[in-house]
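These notes concern the structure reproduced below.
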Amino acid sequence: DCVLASSNNDLATRILNTAHNENLKVMGQDNNALDYGMLIPLYYLQRACERKFKVVALAMSLESKQKHFEFGKLLSQVFQECKEHIVFIAASELSHTVTKDAPQGYEPDAKNFDAHAVKYLKGDMVENFLLMDSFDEDEFFCHGLRPISTLLGALTDTAIRLKDISYEAPYGVGYLTALYK
């Protein structure tokens, strides 16, 4: 099985136009290259979904978590204006230094860093989550806070709330799975 989904160019164009109207720097990309962080969730979504769907793949920037949060709010605005069903997947990994056999080495505080991220999400403490120190992200090789910040921004003015959250760190990499409904 391979993931075959077409691009939702109309939605992508609406996102780009709205971002430009709000003076938010967003770039479109015209290739079909998706990384494993996008392909794996799409694979499982395709298996669970009984109808065809279109995709808009968004990649994070190196901007702050607050900027990603603001971009998420913009996405929410665009999503509310369109009449389509939207599934938002924020593919993310937390620390890559959780155990002694981790791929990026071991940092004793990595597990604690991930625990704070989980605690803030469970407790709906968005501000605390957004203020997590960016130095720690680099120290722990954490790549997931910006996509999660975008998701949190997209959910800000909605009735969607956290339903379930789980965390595990196989191979020394922290994986967070959260379901919002």
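Residue numbering restarts at 1 for every chain of the structure tokens, chains are lettered A, B, ... in their displayed order, and ligands are numbered from 1 as they appear.
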Which residues come within 7 Å of range 64-75 of chain A, counting only C-alpha atoms, excluding same-chain residues fewer than 2 positions away, as a JSON list (two decimals) with N, CA, C and O atoms, in the first residue's frame?
```
[["chain", "number", "residue", "atom", "x", "y", "z"],
["A", 15, "ILE", "N", -5.08, 29.61, 1.72],
["A", 15, "ILE", "CA", -4.15, 29.80, 2.85],
["A", 15, "ILE", "C", -3.08, 30.83, 2.48],
["A", 15, "ILE", "O", -2.81, 31.76, 3.24],
["A", 62, "LEU", "N", 11.47, 28.19, 10.82],
["A", 62, "LEU", "CA", 12.29, 28.36, 12.02],
["A", 62, "LEU", "C", 11.83, 29.55, 12.85],
["A", 62, "LEU", "O", 12.51, 29.96, 13.79],
["A", 77, "GLN", "N", -9.20, 30.40, 10.60],
["A", 77, "GLN", "CA", -10.06, 31.34, 9.87],
["A", 77, "GLN", "C", -10.36, 30.81, 8.46],
["A", 77, "GLN", "O", -11.51, 30.80, 8.03],
["A", 78, "VAL", "N", -9.33, 30.35, 7.78],
["A", 78, "VAL", "CA", -9.51, 29.80, 6.43],
["A", 78, "VAL", "C", -10.38, 28.55, 6.48],
["A", 78, "VAL", "O", -11.30, 28.39, 5.66],
["A", 79, "PHE", "N", -10.14, 27.67, 7.44],
["A", 79, "PHE", "CA", -10.91, 26.44, 7.55],
["A", 79, "PHE", "C", -12.39, 26.73, 7.81],
["A", 79, "PHE", "O", -13.27, 26.06, 7.27],
["A", 130, "LEU", "N", 3.77, 27.55, 24.80],
["A", 130, "LEU", "CA", 4.41, 28.47, 23.86],
["A", 130, "LEU", "C", 5.67, 29.10, 24.43],
["A", 130, "LEU", "O", 6.56, 29.51, 23.68],
["A", 145, "LEU", "N", 7.65, 21.08, 18.62],
["A", 145, "LEU", "CA", 6.89, 22.13, 19.28],
["A", 145, "LEU", "C", 6.25, 23.12, 18.32],
["A", 145, "LEU", "O", 5.16, 23.62, 18.57],
["A", 146, "ARG", "N", 6.88, 23.39, 17.20],
["A", 146, "ARG", "CA", 6.32, 24.35, 16.25],
["A", 146, "ARG", "C", 5.06, 23.80, 15.56],
["A", 146, "ARG", "O", 4.06, 24.50, 15.48],
["A", 149, "SER", "N", 2.36, 23.96, 18.05],
["A", 149, "SER", "CA", 1.94, 25.36, 18.25],
["A", 149, "SER", "C", 0.98, 25.80, 17.16],
["A", 149, "SER", "O", 0.00, 26.51, 17.43],
["A", 150, "THR", "N", 1.23, 25.38, 15.93],
["A", 150, "THR", "CA", 0.32, 25.70, 14.82],
["A", 150, "THR", "C", -1.04, 25.07, 15.07],
["A", 150, "THR", "O", -2.09, 25.71, 14.89],
["A", 151, "LEU", "N", -1.05, 23.81, 15.47],
["A", 151, "LEU", "CA", -2.31, 23.13, 15.78],
["A", 151, "LEU", "C", -3.05, 23.85, 16.90],
["A", 151, "LEU", "O", -4.27, 24.08, 16.80],
["A", 152, "LEU", "N", -2.35, 24.22, 17.96],
["A", 152, "LEU", "CA", -2.99, 24.92, 19.08],
["A", 152, "LEU", "C", -3.60, 26.24, 18.62],
["A", 152, "LEU", "O", -4.70, 26.61, 19.05],
["A", 153, "GLY", "N", -2.91, 26.95, 17.74],
["A", 153, "GLY", "CA", -3.48, 28.19, 17.19],
["A", 153, "GLY", "C", -4.74, 27.93, 16.39],
["A", 153, "GLY", "O", -5.72, 28.66, 16.49],
["A", 154, "ALA", "N", -4.73, 26.85, 15.62],
["A", 154, "ALA", "CA", -5.91, 26.51, 14.80],
["A", 154, "ALA", "C", -7.11, 26.13, 15.66],
["A", 154, "ALA", "O", -8.26, 26.29, 15.25],
["A", 156, "THR", "N", -7.73, 27.42, 18.77],
["A", 156, "THR", "CA", -7.97, 28.45, 19.78],
["A", 156, "THR", "C", -9.43, 28.86, 19.92],
["A", 156, "THR", "O", -9.97, 28.88, 21.01]]
```
Inset, instruction - Taking the DSSP assignment computed from this structure's backbone, write out as a count of residues only all residues of range 33-177 of chain A that belong to helix (DSSP H, G or I). - result: 68
Inset, instruction - Write out as a ChimeraX atom specification each polymer residue whose atoms come within 12 Å of Val173 in chain A, counting only C-alpha atoms; drop sequence neighbours fewer than 6 positions from it. - result: /A:92-107,110-111,114,140-144,167
Could you turn the residues from that selection into a file that holds N, CA, C and O atoms, as an mmCIF file, in the first residue's frame?
```
data_model
loop_
_atom_site.group_PDB
_atom_site.id
_atom_site.type_symbol
_atom_site.label_atom_id
_atom_site.label_comp_id
_atom_site.auth_asym_id
_atom_site.auth_seq_id
_atom_site.Cartn_x
_atom_site.Cartn_y
_atom_site.Cartn_z
ATOM 1 N N SER A 92 4.701 15.405 14.795
ATOM 2 C CA SER A 92 5.782 15.965 15.591
ATOM 3 C C SER A 92 6.475 14.892 16.415
ATOM 4 O O SER A 92 5.892 13.894 16.784
ATOM 5 N N GLU A 93 7.718 15.165 16.663
ATOM 6 C CA GLU A 93 8.509 14.348 17.571
ATOM 7 C C GLU A 93 9.030 15.287 18.640
ATOM 8 O O GLU A 93 9.318 16.446 18.370
ATOM 9 N N LEU A 94 9.169 14.770 19.823
ATOM 10 C CA LEU A 94 9.731 15.585 20.885
ATOM 11 C C LEU A 94 11.223 15.288 20.979
ATOM 12 O O LEU A 94 11.889 15.134 19.961
ATOM 13 N N SER A 95 11.762 15.204 22.156
ATOM 14 C CA SER A 95 13.207 15.056 22.327
ATOM 15 C C SER A 95 13.758 13.789 21.677
ATOM 16 O O SER A 95 13.138 12.735 21.741
ATOM 17 N N HIS A 96 14.931 13.923 21.089
ATOM 18 C CA HIS A 96 15.632 12.790 20.476
ATOM 19 C C HIS A 96 16.777 12.302 21.360
ATOM 20 O O HIS A 96 17.671 11.605 20.905
ATOM 21 N N THR A 97 16.740 12.697 22.636
ATOM 22 C CA THR A 97 17.851 12.389 23.546
ATOM 23 C C THR A 97 17.347 11.829 24.871
ATOM 24 O O THR A 97 17.937 12.064 25.919
ATOM 25 N N VAL A 98 16.259 11.051 24.833
ATOM 26 C CA VAL A 98 15.574 10.619 26.051
ATOM 27 C C VAL A 98 16.288 9.471 26.772
ATOM 28 O O VAL A 98 16.270 9.411 27.992
ATOM 29 N N THR A 99 16.908 8.577 26.033
ATOM 30 C CA THR A 99 17.565 7.420 26.661
ATOM 31 C C THR A 99 19.027 7.347 26.230
ATOM 32 O O THR A 99 19.449 8.020 25.280
ATOM 33 N N LYS A 100 19.773 6.490 26.884
ATOM 34 C CA LYS A 100 21.204 6.381 26.586
ATOM 35 C C LYS A 100 21.486 5.817 25.201
ATOM 36 O O LYS A 100 22.572 6.022 24.664
ATOM 37 N N ASP A 101 20.509 5.143 24.589
ATOM 38 C CA ASP A 101 20.708 4.627 23.234
ATOM 39 C C ASP A 101 20.015 5.500 22.183
ATOM 40 O O ASP A 101 19.805 5.084 21.056
ATOM 41 N N ALA A 102 19.679 6.733 22.548
ATOM 42 C CA ALA A 102 18.999 7.658 21.637
ATOM 43 C C ALA A 102 19.901 8.041 20.464
ATOM 44 O O ALA A 102 21.127 8.099 20.610
ATOM 45 N N PRO A 103 19.309 8.321 19.310
ATOM 46 C CA PRO A 103 20.102 8.615 18.114
ATOM 47 C C PRO A 103 20.964 9.873 18.211
ATOM 48 O O PRO A 103 21.998 9.961 17.565
ATOM 49 N N GLN A 104 20.574 10.835 19.029
ATOM 50 C CA GLN A 104 21.331 12.084 19.157
ATOM 51 C C GLN A 104 22.099 12.163 20.462
ATOM 52 O O GLN A 104 22.465 13.251 20.904
ATOM 53 N N GLY A 105 22.328 11.030 21.102
ATOM 54 C CA GLY A 105 23.007 11.047 22.388
ATOM 55 C C GLY A 105 22.003 11.163 23.515
ATOM 56 O O GLY A 105 20.796 11.162 23.292
ATOM 57 N N TYR A 106 22.483 11.293 24.710
ATOM 58 C CA TYR A 106 21.618 11.305 25.893
ATOM 59 C C TYR A 106 21.733 12.625 26.626
ATOM 60 O O TYR A 106 22.827 13.124 26.866
ATOM 61 N N GLU A 107 20.604 13.202 26.953
ATOM 62 C CA GLU A 107 20.529 14.395 27.797
ATOM 63 C C GLU A 107 19.616 14.057 28.967
ATOM 64 O O GLU A 107 18.433 13.780 28.759
ATOM 65 N N ALA A 110 16.055 15.564 29.129
ATOM 66 C CA ALA A 110 15.159 15.450 27.974
ATOM 67 C C ALA A 110 13.802 14.879 28.357
ATOM 68 O O ALA A 110 12.757 15.370 27.898
ATOM 69 N N LYS A 111 13.797 13.863 29.176
ATOM 70 C CA LYS A 111 12.529 13.247 29.589
ATOM 71 C C LYS A 111 11.671 14.255 30.350
ATOM 72 O O LYS A 111 10.454 14.324 30.169
ATOM 73 N N ASP A 114 10.144 16.741 27.831
ATOM 74 C CA ASP A 114 8.978 16.144 27.181
ATOM 75 C C ASP A 114 7.793 16.081 28.144
ATOM 76 O O ASP A 114 6.647 16.337 27.753
ATOM 77 N N PHE A 140 17.850 19.259 23.115
ATOM 78 C CA PHE A 140 17.241 17.933 23.138
ATOM 79 C C PHE A 140 16.869 17.441 21.735
ATOM 80 O O PHE A 140 16.209 16.426 21.598
ATOM 81 N N PHE A 141 17.260 18.180 20.704
ATOM 82 C CA PHE A 141 16.932 17.831 19.319
ATOM 83 C C PHE A 141 15.429 17.613 19.167
ATOM 84 O O PHE A 141 14.976 16.624 18.614
ATOM 85 N N CYS A 142 14.670 18.562 19.681
ATOM 86 C CA CYS A 142 13.208 18.495 19.646
ATOM 87 C C CYS A 142 12.698 19.254 18.434
ATOM 88 O O CYS A 142 13.023 20.415 18.247
ATOM 89 N N HIS A 143 11.891 18.593 17.615
ATOM 90 C CA HIS A 143 11.406 19.211 16.375
ATOM 91 C C HIS A 143 9.895 19.384 16.359
ATOM 92 O O HIS A 143 9.342 19.797 15.352
ATOM 93 N N GLY A 144 9.217 19.058 17.443
ATOM 94 C CA GLY A 144 7.770 18.992 17.390
ATOM 95 C C GLY A 144 7.000 20.158 17.954
ATOM 96 O O GLY A 144 5.797 20.233 17.778
ATOM 97 N N TYR A 167 2.182 9.314 25.424
ATOM 98 C CA TYR A 167 3.586 9.623 25.176
ATOM 99 C C TYR A 167 4.383 8.347 25.364
ATOM 100 O O TYR A 167 4.143 7.573 26.288
#
```
Inset, instruction - Quick one: everything within 10 Å of Ile86 in chain A, counting only C-alpha atoms, minus sequence neighbours fewer than 3 positions away in the same chain. Send it as a list in words. - result: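 Here the answer would be Phe53, Lys54, Val55, Phe79, Gln80, Cys82, Lys83 and Ile89 of chain A.
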Inset, instruction - Can you work out which one of A:Arg47, A:Ala57, A:Tyr36, A:Glu81 has the shortest atom-to-atom distance to Arg14 in chain A, counting only C-alpha atoms? - result: A:Glu81
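Among A:Ala117, A:Met125, A:Leu39, A:Leu179, the residue with the shortest atom-to-atom distance to Glu137 in chain A, counting only C-alpha atoms, is A:Ala117.
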Inset, instruction - Just give me the gap between CA of Phe113 in chain A and CA of Asp138 in chain A in Å, one decimal is fine. - result: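 Here the two named atoms are 11.6 Å from each other.
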Inset, instruction - Quote the spacing between CA of Ala90 in chain A and CA of Pro147 in chain A in Å to one decimal place. - result: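 So the answer is 5.3 Å.
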Inset, instruction - State, in Å with one decimal place, the distance from CA of Glu63 in chain A to CA of Met132 in chain A. - result: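 Atom-to-atom, CA of Glu63 in chain A and CA of Met132 in chain A are spaced 14.1 Å apart.
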Legend entry - Shell around Leu34 in chain A at 12 Å using only C-alpha atoms, local window under 5 positions removed, as a PyMOL selection string: chain A and resi 3-5+7+29+39-43+55-59
Legend entry - Counting only C-alpha atoms, the option among A:Glu168, A:Ala178, A:Lys163, A:Val87 closest to Leu45 in chain A: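 The shortest atom-to-atom distance to Leu45 in chain A comes from A:Val87.
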Legend entry - Best match for closeness to Ser76 in chain A among A:Leu11, A:Asn23, A:Cys49, A:Asp157, counting only C-alpha atoms: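 So, comparing all the options, the nearest one is A:Asp157.
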